[in-house]
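Here is the structure we will look at.
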Amino acid sequence: MAVIEESPAPKRERWVAQWKELFDEVVTTGLCTGCAGCVVSCPHDVLGYDHESGGYKPFHLEDELGPGDCVHGQKGCTTCTRACPRFRLWEEEADDHLFARQRTQEEVSGIYSDILLTRATDTNVHEHGQDGGLVSAILLWAKQEGYIDAALVSYLEGDGSTWKAKPGVAATDEEIIATAGSRYTYSANTLALDEAIERGFSKLALVGMSCQSSVPPVMWTRKVGKISKPIVFNIGLLCSKTFDDAIFEELFEAKYGLRKQDMVKMNIKGVFQIWMRDGSYHEVPLKECHAWTREGCTHCPDFAAEHADISTGGIGAFNDWTLTIVRTDLGREIIGRMAKAGVIQTRPGDDDPGAIALLHKLAAKSRKRWPETAVPKPRLLPTPAPKPAS
Ligand SMILES: Cc1cc2nc3c(=O)[nH]c(=O)nc-3n(C[C@H](O)[C@H](O)[C@H](O)COP(=O)(O)OP(=O)(O)OC[C@H]3O[C@@H](n4cnc5c(N)ncnc54)[C@H](O)[C@@H]3O)c2cc1C
Ligand code: SF4
Ligand code: SF4
């Protein structure tokens, strides 16, 4: 009998890249989103991060080798590059890990299994939510069912009147409801990981914009280790940009007289919508807001939170529903069970074909922002349809 010799699986190249490479290839090239994946992963606590206007980027806290090199990196520590979802082949690696294949160039919004419209059945949750309240409904239900024991979310500091978004841990129903809704300035929710671990939580959901939702799969596939283990569920928020905190004073107040302490809600639906305490409603053209786009967003290629278990957005004709992109088996299980339990209402995404078309259009637009000088995959777009013969 012939003996068939199996060729050994190709070995992964030894990972040697450290802070020096991260600094040169991501932090100083404009690819860094400020997701803070590197900061929370650093086992030596030598990466700092200012969660403030003009900040939102990691920096090295030790002076020995200057800002662009690391003593621990020189000795072999590679954790920060393993955690960075903009370092080298991040998109391919996260795709492979989650879906056992890579997206094709036609899959401009990433790999998914279903698109739905959903909303929380509970009126209180629905009212507090930005769109359909799905994200908060998932957190409440997943906690009750034992999938998670807490979530990394975004709070508003103090009594909310400064509109300063800050990362935090939501562990009770009250905290989940209190942190519902969207803020359009940056909140690196990953930064709440340390607090969650200190408080003894071991099954966490991460809620975050696209850039943050690529952090867990990149950490898992590049074997960052212990720090990545508590994140078990990943909810993404569709995102084309976030604004620098200065937009409140320099645009909304200076030009429109809208003081942030008097604002009660904001949304983006083609325009920046602002609701005030006195009941008035205002629209600011997005074109006027562009000058305050946070630097970390300008090269971001991911509108659709392509590496989340479930990605959520507010585009489309149905204002009080959440556009819901179900990507992984876990995402499908959770949405299926929630629908069955009557915790959410669902309708097919095909009820709003315009929303799906807009999703893909905005995803393509974001992909064009990825620089040609970086790895090519995130820029790949669908092949244009041939022009009809005249
Ligand atoms: C900065 C930003 C930009 C967005 N851009 C778009 C867009 O262009 N198109 C689109 O369709 N949808 C966008 N979204 C998503 C949309 O606003 C809703 O978050 C989404 O539809 C879920 O709504 P919901 O009612 O189901 O969630 P909710 O139940 O209201 O829960 C929202 C969750 O988001 C968290 N959160 C709020 N603000 C932030 C923040 N700044 N950073 C991190 N986490 C936060 C909250 O803590 C809460 O857990 C954006 C969201 C954010 C935060
Ligand atoms: S993109 Fe995120 S992980 Fe990468 S360098 Fe910037 S903050 Fe760190
Ligand atoms: S556009 Fe949104 S997802 Fe991309 S870097 Fe900015 S905040 Fe993150």
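Just remember, in the structure tokens the first chain shown is A, the second B, etc., residues are 1-based per chain, and ligands are 1-based in the order shown.
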Item to complete: Extract, using only C-alpha atoms, all DNA, RNA and protein residues at most 10 Å from Asp302 (chain A), discarding same-chain residues fewer than 4 positions from it, and format them as a VMD selection string.
Response: chain A and resid 91 108 to 110 209 to 211 214 238 to 240 297 306 to 307 362 to 370 378 to 379
Discussion item. Which residues are near Lys377 (chain A)? Cut-off 10 Å, only C-alpha atoms, ignore same chain within fewer than 5 positions. Put them as a PyMOL selection string.
Written reply: chain A and resi 89-92+102-105+367+370
Item to complete: Run DSSP on the backbone of this structure and report the residues of region 38-266 of chain A it assigns to helix (DSSP H, G or I), as a PyMOL selection string.
Response: chain A and resi 38-41+71-74+79-83+90-99+123-128+134-144+173-178+189-198+210-213+215-221+226-228+247-256+260-262
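Across the model, the gap from CA of Asp63 (chain A) to atom 3 (S, counted along the ligand's line) of ligand 2 is 20.5 Å.
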Worksheet item: When the cut-off is 9 Å and you count only C-alpha atoms and all ligand atoms, which residues lie near ligand 3, shown as a PyMOL selection string?
Response: chain A and resi 31-35+184-188+208-213+237-243+293-305+366
